[in-house]
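Participant: My questions all concern the structure below.
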Amino acid sequence: MAELHLYDVLRRPVITEKSTALVDEQNKYVFEVASNANKIQIKEAVEEIFELEGQVLKVNTMVMPAKRGRRGRNWYIRSRQWKKAIVTVEDGATIELFNV
């Protein structure tokens, strides 16, 4: 398996109503990550990029399936499959990107 660079692991933050509620209530941040990244790489990337040394408690990952649509008899893919990571940080630790 090819080694991922630190900045290739995290693709983008996922900012939705549900992810914003997770930040406010449970100190959990949601990211789209590379499909071949594992939990250890995700944890190291978040700690390094956002300067949270030792403050990441847990990383949960899931693969979000592609969404399909129909036009007449034909099926097509509306959005591709992607991997989501929910990162739990300690109380008091924040990621400034989400406080916009």
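Scheme for the structure tokens: letters A, B, ... for chains in order shown; per-chain residue numbers from 1; ligand numbers from 1 in order shown.
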Once you count only C-alpha atoms, what closest atom pair and distance in Å to one decimal does each residue of segment 31-68 of chain A within 8 Å of segment 7-26 of chain A have, with rows by chain and rising residue number, as a Markdown table?
Facilitator:
| residue | atom | partner | partner_atom | distance |
| --- | --- | --- | --- | --- |
| A:Phe31 | CA | A:Pro13 | CA | 4.3 |
| A:Glu32 | CA | A:Arg12 | CA | 5.3 |
| A:Val33 | CA | A:Leu10 | CA | 4.6 |
| A:Ala34 | CA | A:Val9 | CA | 5.2 |
| A:Ala37 | CA | A:Val9 | CA | 6.1 |
| A:Gln41 | CA | A:Val9 | CA | 7.2 |
| A:Ile42 | CA | A:Val9 | CA | 6.4 |
| A:Ala45 | CA | A:Val9 | CA | 6.8 |
| A:Val46 | CA | A:Leu10 | CA | 7.9 |
| A:Ile49 | CA | A:Tyr7 | CA | 7.9 |
Participant: Excluding same-chain residues fewer than 2 positions from Lys67 of chain A, what lies within 7 Å of it counting only C-alpha atoms, as an mmCIF file with N, CA and C atoms, in the first residue's frame?
Facilitator:
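Writing done, so here's out07.cif:
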data_model
loop_
_atom_site.group_PDB
_atom_site.id
_atom_site.type_symbol
_atom_site.label_atom_id
_atom_site.label_comp_id
_atom_site.auth_asym_id
_atom_site.auth_seq_id
_atom_site.Cartn_x
_atom_site.Cartn_y
_atom_site.Cartn_z
ATOM 1 N N PRO A 65 -22.213 5.261 0.925
ATOM 2 C CA PRO A 65 -22.448 4.657 -0.389
ATOM 3 C C PRO A 65 -22.778 5.705 -1.450
ATOM 4 N N GLY A 69 -29.697 7.511 -9.047
ATOM 5 C CA GLY A 69 -30.911 8.169 -9.507
ATOM 6 C C GLY A 69 -31.424 7.470 -10.748
ATOM 7 N N ILE A 77 -25.402 7.429 -11.449
ATOM 8 C CA ILE A 77 -24.855 7.725 -10.122
ATOM 9 C C ILE A 77 -24.864 9.230 -9.916
ATOM 10 N N ARG A 78 -25.610 9.696 -8.891
ATOM 11 C CA ARG A 78 -25.706 11.120 -8.597
ATOM 12 C C ARG A 78 -24.493 11.608 -7.817
ATOM 13 N N SER A 79 -23.983 10.792 -6.887
ATOM 14 C CA SER A 79 -22.776 11.154 -6.131
ATOM 15 C C SER A 79 -21.957 9.894 -5.894
ATOM 16 N N ARG A 80 -20.671 10.060 -5.870
ATOM 17 C CA ARG A 80 -19.771 8.915 -5.748
ATOM 18 C C ARG A 80 -19.684 8.434 -4.305
#
Participant: Near Val63 of chain A, counting only C-alpha atoms, which residues have an atom at most 10 Å away, once you skip same-chain residues fewer than 4 positions from it, shown as an NGL selection string?
Facilitator: :A and (32-33 or 35 or 81-85)
Participant: Taking 3 positions as the minimum chain separation for residues in the same chain, which residues sit within 12 Å of Gly54 of chain A when counting only C-alpha atoms? Answer as number ranges by chain.
Facilitator: A: 43-48, 50-51, 57-58, 88-90, 93
Participant: Taking only chain A into account, list the residues labelled strand (DSSP E) by DSSP (computed from the backbone), as a ChimeraX atom specification.
Facilitator: /A:10-13,28-33,56-64,67-71,74-79,82-89
Participant: In Å, rounded to a single decimal, give me how far atom CA of Asn36 of chain A is from atom CA of Thr61 of chain A.
Facilitator: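 Straight-line distance from atom CA of Thr61 of chain A to atom CA of Asn36 of chain A works out to 11.3 Å.
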Participant: Go through A:Ile40, A:Leu52, A:Met62, A:Leu6 one by one, measure the shortest atom-to-atom distance of each to Glu96 of chain A using only C-alpha atoms, and give the residue with the smallest value.
Facilitator: A:Leu52
Participant: Enter the distance from atom CA of Val30 of chain A to atom CA of Thr94 of chain A, in Å, rounded to one decimal.
Facilitator: 12.7 Å
